[in-house]
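For reference, start08.cif (mmCIF, C-alpha atoms and all ligand atoms):
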data_data
#
loop_
_atom_site.label_atom_id
_atom_site.label_comp_id
_atom_site.auth_asym_id
_atom_site.auth_seq_id
_atom_site.Cartn_x
_atom_site.Cartn_y
_atom_site.Cartn_z
CA MET T 282 -16.81 -23.48 -14.43
CA ARG T 283 -17.41 -23.04 -10.69
CA LEU T 284 -14.42 -23.13 -8.40
CA ASP T 285 -13.79 -26.04 -6.08
CA ILE T 286 -10.85 -26.76 -3.83
CA ASN T 287 -9.05 -28.58 -6.64
CA SER T 288 -9.30 -25.65 -9.06
CA SER T 289 -5.92 -24.28 -10.11
CA ILE T 290 -5.28 -20.63 -9.34
CA LEU T 291 -2.28 -18.49 -10.34
CA ILE T 292 -1.55 -15.39 -8.30
CA PHE T 293 0.88 -12.93 -9.86
CA GLY T 294 2.27 -10.49 -7.31
CA GLY T 295 1.80 -13.18 -4.70
CA SER T 296 4.85 -11.98 -2.75
CA GLY T 297 3.24 -8.59 -2.13
CA THR T 298 0.38 -7.33 0.01
CA ILE T 299 -2.80 -8.07 -1.92
CA GLY T 300 -1.46 -11.18 -3.66
CA SER T 301 -0.11 -12.88 -0.54
CA SER T 302 -3.37 -12.20 1.30
CA THR T 303 -5.30 -13.78 -1.58
CA ALA T 304 -3.12 -16.89 -1.49
CA LEU T 305 -3.47 -17.06 2.30
CA HIS T 306 -7.25 -17.00 2.31
CA LEU T 307 -7.52 -19.47 -0.55
CA ALA T 308 -5.21 -21.80 1.37
CA ARG T 309 -7.13 -21.30 4.62
CA LYS T 310 -10.34 -22.25 2.78
CA GLY T 311 -8.79 -25.51 1.68
CA TYR T 312 -7.81 -24.73 -1.92
CA ARG T 313 -4.87 -26.97 -2.71
CA ASN T 314 -3.75 -25.98 -6.17
CA ILE T 315 -2.50 -22.44 -5.63
CA ARG T 316 0.62 -21.05 -7.23
CA VAL T 317 2.18 -17.77 -6.14
CA LEU T 318 4.25 -16.11 -8.88
CA ASP T 319 6.45 -13.09 -8.36
CA VAL T 320 9.66 -11.50 -9.57
CA TYR T 321 10.99 -11.76 -5.99
CA PRO T 322 10.49 -14.27 -3.18
CA ILE T 323 8.07 -13.42 -0.42
CA PRO T 324 8.17 -10.72 0.98
CA SER T 325 8.88 -9.21 -2.43
CA ALA T 326 11.80 -6.80 -2.35
CA GLN T 327 9.90 -4.48 -4.67
CA SER T 328 6.52 -4.55 -2.94
CA ALA T 329 5.46 -1.29 -1.27
CA GLY T 330 4.63 -3.53 1.69
CA ASN T 331 8.28 -4.55 2.04
CA ASP T 332 8.93 -1.75 4.48
CA LEU T 333 9.92 -1.20 8.10
CA ASN T 334 6.48 0.06 8.93
CA LYS T 335 3.13 1.21 7.62
CA ILE T 336 0.36 3.14 9.34
CA MET T 337 -2.57 1.36 10.99
CA GLY T 338 -5.75 3.38 11.36
CA THR T 339 -9.46 3.36 10.65
CA SER T 340 -10.42 4.81 7.31
CA LEU T 341 -13.76 6.63 7.34
CA ARG T 342 -13.78 7.82 3.75
CA ASN T 343 -16.79 5.69 2.86
CA PRO T 344 -18.71 2.73 4.37
CA VAL T 345 -16.68 0.16 2.39
CA ASP T 346 -13.33 1.52 3.65
CA ARG T 347 -14.71 1.71 7.17
CA GLN T 348 -15.94 -1.88 7.12
CA LEU T 349 -12.61 -3.14 5.76
CA SER T 350 -10.44 -1.22 8.20
CA LEU T 351 -12.52 -2.41 11.16
CA GLU T 352 -12.22 -6.01 9.94
CA ALA T 353 -8.49 -5.45 9.52
CA GLU T 354 -8.05 -3.98 12.99
CA ASP T 355 -9.74 -7.01 14.46
CA ALA T 356 -7.47 -9.38 12.50
CA TRP T 357 -4.29 -7.44 13.32
CA SER T 358 -5.29 -7.67 16.98
CA ASN T 359 -6.40 -11.31 17.10
CA ASP T 360 -5.07 -13.41 14.21
CA PRO T 361 -1.78 -15.02 15.33
CA THR T 362 -0.28 -14.74 11.84
CA PHE T 363 -0.55 -10.95 12.15
CA SER T 364 -0.85 -9.86 15.78
CA PRO T 365 2.90 -9.93 16.61
CA TYR T 366 3.37 -7.24 13.96
CA TYR T 367 0.74 -4.76 15.15
CA HIS T 368 2.24 -2.06 17.39
CA ARG T 369 -0.78 -0.41 18.90
CA SER T 370 1.06 2.75 19.85
CA GLY T 371 -1.87 4.97 18.84
CA ARG T 372 -1.89 7.51 16.06
CA LEU T 373 -2.07 11.28 16.13
CA ASP T 374 -3.58 13.07 13.14
CA CYS T 375 -2.72 16.71 13.58
CA CYS T 376 -2.49 19.96 11.69
CA GLY T 377 -2.16 23.73 11.94
CA SER T 378 -3.86 24.85 8.72
CA SER T 379 -7.52 25.78 8.86
CA ASP T 380 -8.61 23.59 5.92
CA VAL T 381 -7.14 20.46 7.39
CA ILE T 382 -8.40 21.34 10.87
CA ASN T 383 -11.89 21.47 9.34
CA ASP T 384 -11.28 18.03 7.82
CA LEU T 385 -10.19 16.73 11.21
CA ARG T 386 -13.39 18.05 12.80
CA ASP T 387 -15.32 16.35 10.03
CA THR T 388 -13.55 13.10 10.82
CA VAL T 389 -14.61 13.34 14.47
CA ALA T 390 -18.23 13.86 13.36
CA LYS T 391 -17.99 10.80 11.09
CA LEU T 392 -16.51 8.73 13.90
CA GLU T 393 -19.34 9.75 16.19
CA ASN T 394 -21.93 8.86 13.55
CA ALA T 395 -20.27 5.47 13.13
CA GLY T 396 -20.48 4.85 16.89
CA LEU T 397 -16.69 5.10 17.19
CA GLY T 398 -16.50 8.47 18.95
CA HIS T 399 -15.30 6.79 22.14
CA THR T 400 -12.16 5.45 20.41
CA VAL T 401 -10.70 8.90 19.77
CA GLU T 402 -9.88 12.07 21.65
CA TRP T 403 -10.06 15.60 20.19
CA LEU T 404 -6.94 17.57 21.11
CA ASP T 405 -7.67 21.26 20.95
CA THR T 406 -4.47 22.83 22.27
CA ASP T 407 -0.72 22.36 22.00
CA ALA T 408 -0.70 21.30 25.63
CA GLN T 409 -3.27 18.57 25.02
CA ILE T 410 -1.29 17.31 22.01
CA ILE T 411 1.93 17.24 24.02
CA GLN T 412 0.22 15.42 26.85
CA ARG T 413 -0.67 12.62 24.41
CA VAL T 414 2.61 12.75 22.47
CA PRO T 415 5.30 14.12 24.80
CA GLN T 416 7.85 13.58 22.02
CA LEU T 417 6.41 16.70 20.32
CA ALA T 418 7.32 18.94 23.29
CA SER T 419 10.20 20.66 21.49
CA SER T 420 8.31 21.05 18.19
CA ASN T 421 6.68 24.25 17.10
CA ILE T 422 3.05 23.10 17.11
CA GLN T 423 1.41 26.39 17.99
CA GLY T 424 -2.18 26.45 16.74
CA TRP T 425 -2.20 22.73 15.88
CA LYS T 426 -5.25 20.62 16.64
CA GLY T 427 -5.35 16.88 16.59
CA ILE T 428 -7.24 13.64 16.91
CA PHE T 429 -5.71 10.85 18.94
CA PHE T 430 -6.73 7.40 17.72
CA GLU T 431 -6.33 4.84 20.41
CA ARG T 432 -7.06 2.03 17.88
CA GLY T 433 -4.12 2.59 15.62
CA GLY T 434 -0.38 2.64 15.42
CA TRP T 435 2.00 0.92 13.07
CA LEU T 436 2.52 -2.40 11.37
CA ALA T 437 5.90 -4.09 10.98
CA ALA T 438 5.06 -4.45 7.31
CA ALA T 439 7.75 -6.68 5.76
CA LYS T 440 7.71 -8.99 8.78
CA ALA T 441 3.95 -9.39 8.48
CA ILE T 442 4.16 -10.40 4.81
CA ASP T 443 6.98 -12.78 5.75
CA SER T 444 4.68 -14.33 8.33
CA VAL T 445 2.07 -14.84 5.60
CA GLY T 446 4.80 -16.52 3.52
CA SER T 447 5.53 -18.99 6.32
CA GLU T 448 1.86 -19.85 6.59
CA LEU T 449 1.63 -20.32 2.80
CA MET T 450 4.50 -22.79 2.96
CA ARG T 451 2.80 -24.71 5.76
CA HIS T 452 -0.31 -24.97 3.55
CA GLY T 453 1.72 -26.36 0.64
CA VAL T 454 1.22 -23.40 -1.70
CA GLN T 455 3.54 -23.59 -4.73
CA PHE T 456 5.90 -20.76 -5.62
CA SER T 457 7.62 -19.55 -8.82
CA PHE T 458 10.03 -16.64 -8.52
CA GLY T 459 12.43 -14.82 -10.84
CA ASP T 460 11.89 -15.19 -14.59
CA SER T 461 9.55 -18.13 -14.02
CA GLY T 462 7.39 -15.88 -11.81
CA THR T 463 7.52 -12.81 -14.03
CA PHE T 464 4.35 -12.18 -16.05
CA GLN T 465 4.70 -12.18 -19.83
CA SER T 466 1.26 -12.83 -21.31
CA LEU T 467 -2.06 -14.54 -20.77
CA ILE T 468 -3.02 -17.77 -22.49
CA LEU T 469 -6.33 -17.09 -24.24
CA SER T 470 -8.88 -19.25 -26.03
CA ASP T 471 -9.10 -19.03 -29.84
CA ASP T 472 -11.85 -16.41 -29.66
CA GLY T 473 -9.66 -14.41 -27.21
CA LYS T 474 -12.42 -14.26 -24.60
CA THR T 475 -11.36 -16.83 -22.02
CA CYS T 476 -8.13 -16.96 -20.07
CA SER T 477 -6.75 -20.41 -19.32
CA GLY T 478 -3.39 -19.53 -17.80
CA ALA T 479 -0.31 -17.40 -18.29
CA VAL T 480 3.17 -17.50 -19.77
CA THR T 481 6.11 -16.19 -17.76
CA LYS T 482 9.32 -14.48 -18.89
CA ASP T 483 11.28 -17.74 -19.09
CA GLY T 484 8.65 -19.17 -21.44
CA THR T 485 6.94 -21.45 -18.92
CA ARG T 486 3.25 -21.98 -19.71
CA TYR T 487 1.11 -22.33 -16.60
CA LEU T 488 -2.42 -23.60 -17.28
CA ALA T 489 -4.98 -22.57 -14.67
CA ASP T 490 -8.69 -22.15 -13.99
CA ARG T 491 -8.19 -18.63 -12.65
CA VAL T 492 -5.42 -16.04 -13.00
CA VAL T 493 -5.23 -13.23 -10.45
CA LEU T 494 -3.06 -10.22 -11.29
CA ALA T 495 -2.24 -8.66 -7.93
CA SER T 496 1.02 -7.04 -8.95
CA GLY T 497 0.39 -3.71 -7.23
CA ALA T 498 1.93 -0.74 -9.04
CA TRP T 499 3.30 -3.06 -11.72
CA THR T 500 -0.16 -4.23 -12.83
CA PRO T 501 -0.85 -1.35 -15.28
CA SER T 502 2.36 -2.21 -17.14
CA LEU T 503 1.43 -5.91 -17.38
CA VAL T 504 -2.09 -5.76 -18.81
CA ASP T 505 -4.19 -3.00 -20.32
CA LEU T 506 -6.08 -1.35 -17.46
CA GLU T 507 -7.44 1.40 -19.73
CA ASP T 508 -5.88 4.18 -17.63
CA GLN T 509 -7.78 3.24 -14.49
CA CYS T 510 -4.61 3.12 -12.40
CA CYS T 511 -1.65 5.46 -12.26
CA SER T 512 1.47 4.08 -10.57
CA LYS T 513 3.16 6.63 -8.34
CA ALA T 514 6.11 6.69 -6.01
CA TRP T 515 6.21 8.05 -2.50
CA VAL T 516 9.48 8.56 -0.71
CA TYR T 517 11.02 7.96 2.67
CA ALA T 518 14.34 8.28 4.45
CA HIS T 519 15.75 6.66 7.57
CA MET T 520 17.73 8.11 10.47
CA GLN T 521 19.68 6.29 13.16
CA LEU T 522 19.10 7.14 16.82
CA THR T 523 21.53 6.42 19.65
CA PRO T 524 20.32 4.07 22.42
CA GLU T 525 19.85 7.15 24.65
CA GLU T 526 17.70 8.87 22.00
CA VAL T 527 15.67 5.72 21.41
CA LYS T 528 14.51 5.68 25.04
CA GLU T 529 12.67 8.96 24.53
CA TYR T 530 10.77 7.65 21.51
CA VAL T 531 9.73 4.20 22.69
CA ASP T 532 5.94 3.81 22.28
CA CYS T 533 5.67 7.13 20.43
CA PRO T 534 2.37 7.18 18.50
CA VAL T 535 2.49 7.56 14.73
CA VAL T 536 2.34 11.30 14.08
CA TYR T 537 0.64 12.26 10.78
CA ASN T 538 0.19 15.82 9.50
CA GLU T 539 -1.42 16.08 6.06
CA ASP T 540 0.52 19.28 5.26
CA ILE T 541 3.91 17.93 6.33
CA GLY T 542 4.19 14.15 6.48
CA PHE T 543 4.62 11.55 9.18
CA PHE T 544 7.07 9.53 11.26
CA PHE T 545 7.14 6.33 13.29
CA GLU T 546 8.67 5.28 16.56
CA PRO T 547 12.15 3.74 16.15
CA ASN T 548 12.31 0.07 15.22
CA GLU T 549 14.37 -2.46 17.22
CA ASP T 550 17.57 -1.12 15.62
CA GLY T 551 16.83 2.46 16.60
CA ILE T 552 15.85 3.53 13.06
CA ILE T 553 13.15 6.14 12.52
CA LYS T 554 11.40 6.33 9.12
CA VAL T 555 10.26 9.79 8.02
CA CYS T 556 7.99 10.59 5.06
CA ASP T 557 6.75 13.82 3.53
CA GLU T 558 3.19 14.11 2.18
CA PHE T 559 2.67 15.10 -1.46
CA PRO T 560 0.74 13.91 -4.55
CA GLY T 561 3.32 11.25 -5.58
CA PHE T 562 5.67 10.98 -8.58
CA ALA T 563 4.74 9.23 -11.82
CA ARG T 564 7.19 7.84 -14.39
CA TYR T 565 5.63 7.82 -17.86
CA LYS T 566 7.10 5.70 -20.65
CA MET T 567 5.78 4.52 -24.00
CA HIS T 568 4.76 0.94 -23.34
CA GLN T 569 2.40 -1.70 -24.67
CA PRO T 570 0.87 -3.81 -21.90
CA PHE T 571 -0.69 -7.16 -22.81
CA GLY T 572 -4.04 -6.53 -24.48
CA ALA T 573 -3.32 -2.95 -25.59
CA SER T 574 -3.55 -2.46 -29.36
CA LYS T 575 -0.54 -0.12 -29.49
CA PRO T 576 2.08 1.45 -27.20
CA THR T 577 0.70 4.23 -25.00
CA LEU T 578 2.02 6.31 -22.10
CA VAL T 579 1.99 4.22 -18.94
CA SER T 580 3.54 5.19 -15.60
CA ILE T 581 5.99 2.35 -14.91
CA PRO T 582 7.57 1.79 -11.49
CA ARG T 583 11.33 1.65 -11.22
CA SER T 584 12.19 -1.04 -8.74
CA HIS T 585 14.40 -0.10 -5.82
CA ALA T 586 15.20 -3.78 -5.48
CA ARG T 587 16.70 -3.83 -8.97
CA HIS T 588 18.26 -0.37 -8.58
CA PRO T 589 19.33 -0.19 -4.94
CA THR T 590 21.46 2.92 -5.37
CA ASP T 591 18.55 5.02 -6.69
CA THR T 592 17.58 7.89 -4.43
CA TYR T 593 14.81 10.47 -4.73
CA PRO T 594 14.53 14.01 -6.23
CA ASP T 595 16.08 17.07 -4.56
CA ALA T 596 12.57 18.38 -3.87
CA SER T 597 11.96 15.35 -1.63
CA GLU T 598 15.10 16.04 0.40
CA ILE T 599 13.77 19.52 1.10
CA THR T 600 10.31 18.36 2.17
CA ILE T 601 11.62 15.42 4.21
CA ARG T 602 14.03 17.79 5.98
CA LYS T 603 11.05 20.11 6.62
CA ALA T 604 9.12 17.24 8.17
CA ILE T 605 12.08 16.43 10.41
CA ALA T 606 12.44 20.08 11.44
CA ALA T 607 8.74 20.18 12.31
CA PHE T 608 8.39 16.86 14.13
CA LEU T 609 11.90 16.06 15.35
CA PRO T 610 13.76 19.38 15.61
CA ASN T 611 16.44 17.87 17.83
CA PHE T 612 17.37 15.54 14.96
CA LYS T 613 17.37 18.13 12.20
CA ASP T 614 21.07 17.67 11.51
CA LYS T 615 21.04 13.90 11.60
CA GLU T 616 22.35 12.06 8.61
CA LEU T 617 19.68 10.48 6.41
CA PHE T 618 20.15 7.13 4.69
CA ASN T 619 18.13 4.54 2.74
CA ARG T 620 16.47 7.32 0.78
CA ALA T 621 14.02 5.39 -1.38
CA MET T 622 10.76 5.36 -3.28
CA CYS T 623 7.98 2.88 -2.92
CA TRP T 624 5.34 2.45 -5.59
CA CYS T 625 1.56 2.39 -5.26
CA ALA T 626 -1.27 2.34 -7.83
CA ASP T 627 -3.78 5.17 -7.53
CA THR T 628 -7.27 4.94 -9.00
CA ALA T 629 -9.29 8.08 -9.75
CA ASP T 630 -11.65 7.60 -6.81
CA ALA T 631 -9.08 5.89 -4.49
CA ASN T 632 -11.15 2.70 -4.36
CA LEU T 633 -9.47 -0.58 -5.20
CA LEU T 634 -9.76 -2.11 -8.66
CA VAL T 635 -10.68 -5.73 -7.87
CA CYS T 636 -12.78 -7.46 -10.50
CA GLU T 637 -12.78 -9.81 -13.43
CA HIS T 638 -11.16 -8.31 -16.52
CA PRO T 639 -14.13 -7.64 -18.83
CA ARG T 640 -12.28 -8.92 -21.91
CA TRP T 641 -10.90 -12.17 -20.49
CA LYS T 642 -13.10 -14.53 -18.51
CA GLY T 643 -11.12 -16.16 -15.74
CA CYS T 644 -8.58 -13.32 -15.44
CA PHE T 645 -8.99 -11.13 -12.37
CA VAL T 646 -7.22 -7.91 -11.44
CA ALA T 647 -6.64 -6.97 -7.80
CA THR T 648 -4.83 -3.64 -7.60
CA GLY T 649 -5.48 0.09 -7.18
CA ASP T 650 -4.33 0.22 -3.56
CA SER T 651 -4.26 4.04 -3.79
CA GLY T 652 -1.66 4.21 -1.05
CA HIS T 653 -3.97 3.18 1.77
CA SER T 654 -4.23 -0.57 1.57
CA PHE T 655 -1.35 -2.15 3.47
CA LYS T 656 -3.47 -2.19 6.61
CA LEU T 657 -5.85 -4.55 4.79
CA LEU T 658 -3.19 -7.30 4.49
CA PRO T 659 -4.90 -9.70 6.93
CA ILE T 660 -8.35 -9.53 5.36
CA ILE T 661 -8.31 -8.26 1.77
CA GLY T 662 -7.77 -11.80 0.49
CA ILE T 663 -11.03 -12.94 2.12
CA HIS T 664 -12.94 -10.64 -0.20
CA ILE T 665 -10.87 -11.54 -3.24
CA VAL T 666 -11.73 -15.19 -2.62
CA GLU T 667 -15.39 -14.14 -2.43
CA LEU T 668 -14.99 -12.43 -5.80
CA LEU T 669 -13.48 -15.60 -7.30
CA GLU T 670 -16.28 -17.67 -5.81
CA GLY T 671 -18.98 -15.25 -6.98
CA THR T 672 -20.17 -14.26 -3.50
CA LEU T 673 -18.66 -10.79 -3.11
CA GLN T 674 -20.85 -8.33 -1.20
CA GLU T 675 -22.73 -5.99 -3.56
CA ASP T 676 -21.26 -2.72 -2.21
CA LEU T 677 -17.71 -4.05 -2.49
CA ARG T 678 -18.39 -5.28 -6.01
CA GLU T 679 -19.73 -1.83 -6.92
CA ALA T 680 -16.79 0.07 -5.36
CA TRP T 681 -14.17 -2.18 -6.99
CA ARG T 682 -15.78 -2.55 -10.43
CA TRP T 683 -14.09 -2.03 -13.81
CA ARG T 684 -14.69 1.69 -14.43
CA PRO T 685 -12.59 3.23 -17.23
CA GLY T 686 -13.31 6.85 -18.08
CA SER T 687 -14.62 7.63 -14.61
CA GLY T 688 -11.91 10.09 -13.64
CA ASP T 689 -8.23 11.02 -13.64
CA ALA T 690 -6.08 8.49 -11.80
CA ARG T 691 -3.02 10.74 -12.18
CA LYS T 692 -4.78 13.27 -9.95
CA SER T 693 -6.91 10.83 -7.95
CA ARG T 694 -8.21 12.56 -4.79
CA ARG T 695 -4.98 14.37 -4.16
CA ALA T 696 -4.05 18.06 -4.17
CA ALA T 697 -2.55 17.90 -7.69
CA ARG T 698 -1.65 15.54 -10.53
CA ALA T 699 1.55 13.56 -9.97
CA LYS T 700 4.65 15.20 -11.45
CA ASP T 701 6.82 13.06 -13.71
CA LEU T 702 10.14 11.94 -12.28
CA ALA T 703 11.77 12.82 -15.61
CA ASP T 704 11.13 16.50 -14.81
CA LEU T 705 12.62 16.39 -11.32
CA PRO T 706 16.31 17.10 -10.82
CA GLY T 707 18.58 15.43 -8.33
CA TRP T 708 17.12 11.98 -8.54
CA LYS T 709 20.16 9.70 -8.47
CA HIS T 710 19.66 6.76 -10.81
CA ASP T 711 22.14 4.93 -12.95
CA SER T 712 20.22 3.99 -16.10
CA VAL T 713 17.02 4.80 -17.87
CA ASP T 714 15.20 1.46 -17.98
O1 LIG F 1 -3.13 4.19 5.68
C1 LIG F 1 -2.79 5.30 5.31
O2 LIG F 1 -3.59 6.17 5.00
C2 LIG F 1 -1.31 5.55 5.17
S1 LIG F 1 -0.99 6.59 3.89
C3 LIG F 1 0.76 6.62 3.68
C4 LIG F 1 1.16 7.16 2.33
O3 LIG F 1 2.54 7.40 2.30
C5 LIG F 1 0.42 8.45 2.02
O4 LIG F 1 0.77 9.41 2.96
C6 LIG F 1 0.71 8.90 0.60
O5 LIG F 1 -0.05 10.02 0.25
C7 LIG F 1 0.40 7.75 -0.34
O6 LIG F 1 -0.99 7.48 -0.32
C8 LIG F 1 1.17 6.53 0.01
O7 LIG F 1 0.88 6.18 1.37
#
Could you take the file, read its structure, and then write that structure out as structure tokens?
Amino acid sequence: MRLDINSSILIFGGSGTIGSSTALHLARKGYRNIRVLDVYPIPSAQSAGNDLNKIMGTSLRNPVDRQLSLEAEDAWSNDPTFSPYYHRSGRLDCCGSSDVINDLRDTVAKLENAGLGHTVEWLDTDAQIIQRVPQLASSNIQGWKGIFFERGGWLAAAKAIDSVGSELMRHGVQFSFGDSGTFQSLILSDDGKTCSGAVTKDGTRYLADRVVLASGAWTPSLVDLEDQCCSKAWVYAHMQLTPEEVKEYVDCPVVYNEDIGFFFEPNEDGIIKVCDEFPGFARYKMHQPFGASKPTLVSIPRSHARHPTDTYPDASEITIRKAIAAFLPNFKDKELFNRAMCWCADTADANLLVCEHPRWKGCFVATGDSGHSFKLLPIIGIHIVELLEGTLQEDLREAWRWRPGSGDARKSRRAARAKDLADLPGWKHDSVD
């Protein structure tokens, strides 16, 4: 059955990044029977996108990523639902190690080939870096090189999803949260090949023409994704600046160093978020997602929303402190708070997994963010609607296809496979579920 504006569409994970964008673009196209389902109201307290800030930049990894990040930059700049949340402070990608410096040079070459050379500046010396980012003047950046991206900066992430939520309400989208928004199972035809809705944890049966599972890092624990996604946590910590200190960091570009991590300018409350960079933490448990014939090992996120006193492993404290010592040496003794993990779903090749589930007609998965997809919030839903309508561009369809057995999602394109949280001491958590 072809879709029309009266078709009923369920979107699980609709309070998060990819799900809310899908609901938004369906609503903007006139669909009037959309239901957002989520464990938490929008913006979901357990979405990776529910964060002070995320990085905005142009991804050049492949033509699909480039196209999407350029579309996103345009929408963050011009779409009134999103533009108040784009802080175009610029972004510095910098490094001191020769491998990464080579990668940075490669990036400049790619930018030039893509006709975007004029949007960046190569910074070859410490002095040039400090001229662009004076806040690094007291850091030890000897031998570092950098690229300054004028089209980039940071996104007030949770506020942007909240803004999507307000627009969804104006469009009359329906919402189910809590147990009545928590995925339990699909409703399948007698031959098991067609999906006609879903049942939620409270037992409610929602019949629908299409079901979209956009539950981010939770998706692999809901339905069998045949190991295509590995859910991993990355960590952050916050520090509080005094009003005097804040003045020095106003308009500071996002500073990203692949060997160390990154930090953002303070938010309106004078809070700086600092992250280290590493291959992520997995959390394997025996589990049987819907559609799997038996329990298998699946990396399952542990929600910070449900476990607000959880922290992160001792190893993260060391690397976050290292990042602070490198970027913000004057703040190296500052107290850290809100130590937390946020969960993303890596695929082996770091492309999204956005396609119809091959076993269940009418059920679509939209996940596999691979840690780089928040910036796509304003536009990713456009392409998911195209997928539902059968008009998705061929190269996007190819990049996002169902592709089990094509690589190791636990490693993905990172330096190493994700360690398991169970093997990491110091992680403060109260129970094992
Ligand atoms: O848009 C971007 O590339 C931001 S990546 C931010 C990050 O924390 C990564 O540094 C990390 O490796 C993981 O992919 C989660 O996202």
Checklist entry - Which is closer to T:Tyr537 than all the others in T:Ile661, T:Val381, T:Ala439, T:Ala304, using only C-alpha atoms? => result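 For T:Tyr537, the nearest of the candidates is T:Val381.
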Next on the checklist: For a quick check of understanding, using all atoms listed in the file, which of T:Leu436, T:Cys375, T:Cys625, T:Leu291 has the smallest distance to T:Lys513?
Outcome noted: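 Among the listed residues, T:Cys625 lies closest to T:Lys513.
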Next on the checklist: Set the distance at 8 Å and use all atoms listed in the file: which residues neighbour stretch 686-702 of chain T once local chain neighbours fewer than 2 positions away are removed? I'd like the list as a list of chain:residue names.
Outcome noted: T:Asp508, T:Gln509, T:Cys510, T:Cys511, T:Lys513, T:Phe559, T:Pro560, T:Gly561, T:Phe562, T:Ala563, T:Arg564, T:Tyr565, T:Pro594, T:Asp627, T:Thr628, T:Ala629, T:Asp630, T:Ala631, T:Arg684, T:Asp704, T:Leu705, T:Trp708
Next on the checklist: Between atom CA of T:Val535 and atom CA of T:Ile336, what distance in Å does the model show, to one decimal?
Outcome noted: 7.3 Å
Residues at most 7 Å from ligand LIG 1 (chain F), using only C-alpha atoms and all ligand atoms? Could they come as a PDB file with C-alpha atoms, in the frame of the given file?
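Contents of selection_14.pdb, freshly written:
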ATOM      1  CA  LYS T 335       3.130   1.210   7.620  1.00  0.00           C
ATOM      2  CA  ILE T 336       0.360   3.140   9.340  1.00  0.00           C
ATOM      3  CA  MET T 337      -2.570   1.360  10.990  1.00  0.00           C
ATOM      4  CA  GLY T 338      -5.750   3.380  11.360  1.00  0.00           C
ATOM      5  CA  TRP T 515       6.210   8.050  -2.500  1.00  0.00           C
ATOM      6  CA  GLY T 542       4.190  14.150   6.480  1.00  0.00           C
ATOM      7  CA  CYS T 556       7.990  10.590   5.060  1.00  0.00           C
ATOM      8  CA  GLU T 558       3.190  14.110   2.180  1.00  0.00           C
ATOM      9  CA  PHE T 559       2.670  15.100  -1.460  1.00  0.00           C
ATOM     10  CA  PRO T 560       0.740  13.910  -4.550  1.00  0.00           C
ATOM     11  CA  GLY T 561       3.320  11.250  -5.580  1.00  0.00           C
ATOM     12  CA  CYS T 625       1.560   2.390  -5.260  1.00  0.00           C
ATOM     13  CA  SER T 651      -4.260   4.040  -3.790  1.00  0.00           C
ATOM     14  CA  GLY T 652      -1.660   4.210  -1.050  1.00  0.00           C
ATOM     15  CA  HIS T 653      -3.970   3.180   1.770  1.00  0.00           C
ATOM     16  CA  SER T 654      -4.230  -0.570   1.570  1.00  0.00           C
ATOM     17  CA  PHE T 655      -1.350  -2.150   3.470  1.00  0.00           C
ATOM     18  CA  LYS T 656      -3.470  -2.190   6.610  1.00  0.00           C
TER      19      LYS T 656
END
Checklist entry - atom CA of T:Thr463 and atom CA of T:Cys476 are how many Å apart? => result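 Atom-to-atom, atom CA of T:Thr463 and atom CA of T:Cys476 are spaced 17.3 Å apart.
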Checklist entry - Which value, in Å to one decimal, gives the distance between atom CA of T:Ala586 and atom CA of T:Ala326? => result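 Distance reported for this atom pair: 5.5 Å.
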Item to check | Residue nearest T:Val493 among T:Pro659, T:Gly478, T:Gly551, T:Pro582 (counting all atoms listed in the file) | outcome: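 The answer is T:Gly478, which sits nearest to T:Val493.
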Checklist entry - Out of T:Ile292, T:Val579, T:Cys376, T:Val555, which residue has the shortest atom-to-atom distance to T:Asn334 when counting all atoms listed in the file? => result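 Looking at the shortest contact to T:Asn334, the residue is T:Val555.
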Could I get stretch 563-570 of chain T from the block written as a PDB file, in the first residue's frame, with N, CA and C atoms?
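Saved as selection.pdb:
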ATOM      1  N   ALA T 563      31.315  -0.385  25.401  1.00  0.00           N
ATOM      2  CA  ALA T 563      30.121  -1.199  25.152  1.00  0.00           C
ATOM      3  C   ALA T 563      29.624  -1.763  26.485  1.00  0.00           C
ATOM      4  N   ARG T 564      28.470  -2.397  26.466  1.00  0.00           N
ATOM      5  CA  ARG T 564      27.940  -3.006  27.698  1.00  0.00           C
ATOM      6  C   ARG T 564      27.157  -4.254  27.284  1.00  0.00           C
ATOM      7  N   TYR T 565      27.891  -5.356  27.126  1.00  0.00           N
ATOM      8  CA  TYR T 565      27.283  -6.586  26.595  1.00  0.00           C
ATOM      9  C   TYR T 565      26.501  -7.345  27.657  1.00  0.00           C
ATOM     10  N   LYS T 566      25.308  -7.798  27.255  1.00  0.00           N
ATOM     11  CA  LYS T 566      24.438  -8.609  28.115  1.00  0.00           C
ATOM     12  C   LYS T 566      23.813  -9.685  27.226  1.00  0.00           C
ATOM     13  N   MET T 567      23.443 -10.810  27.838  1.00  0.00           N
ATOM     14  CA  MET T 567      22.658 -11.783  27.076  1.00  0.00           C
ATOM     15  C   MET T 567      21.243 -11.215  26.946  1.00  0.00           C
ATOM     16  N   HIS T 568      20.722 -11.214  25.739  1.00  0.00           N
ATOM     17  CA  HIS T 568      19.442 -10.543  25.530  1.00  0.00           C
ATOM     18  C   HIS T 568      18.824 -11.082  24.245  1.00  0.00           C
ATOM     19  N   GLN T 569      17.500 -11.135  24.227  1.00  0.00           N
ATOM     20  CA  GLN T 569      16.820 -11.623  23.024  1.00  0.00           C
ATOM     21  C   GLN T 569      15.924 -10.524  22.454  1.00  0.00           C
ATOM     22  N   PRO T 570      16.426  -9.761  21.498  1.00  0.00           N
ATOM     23  CA  PRO T 570      15.572  -8.725  20.894  1.00  0.00           C
ATOM     24  C   PRO T 570      14.434  -9.369  20.107  1.00  0.00           C
TER      25      PRO T 570
END
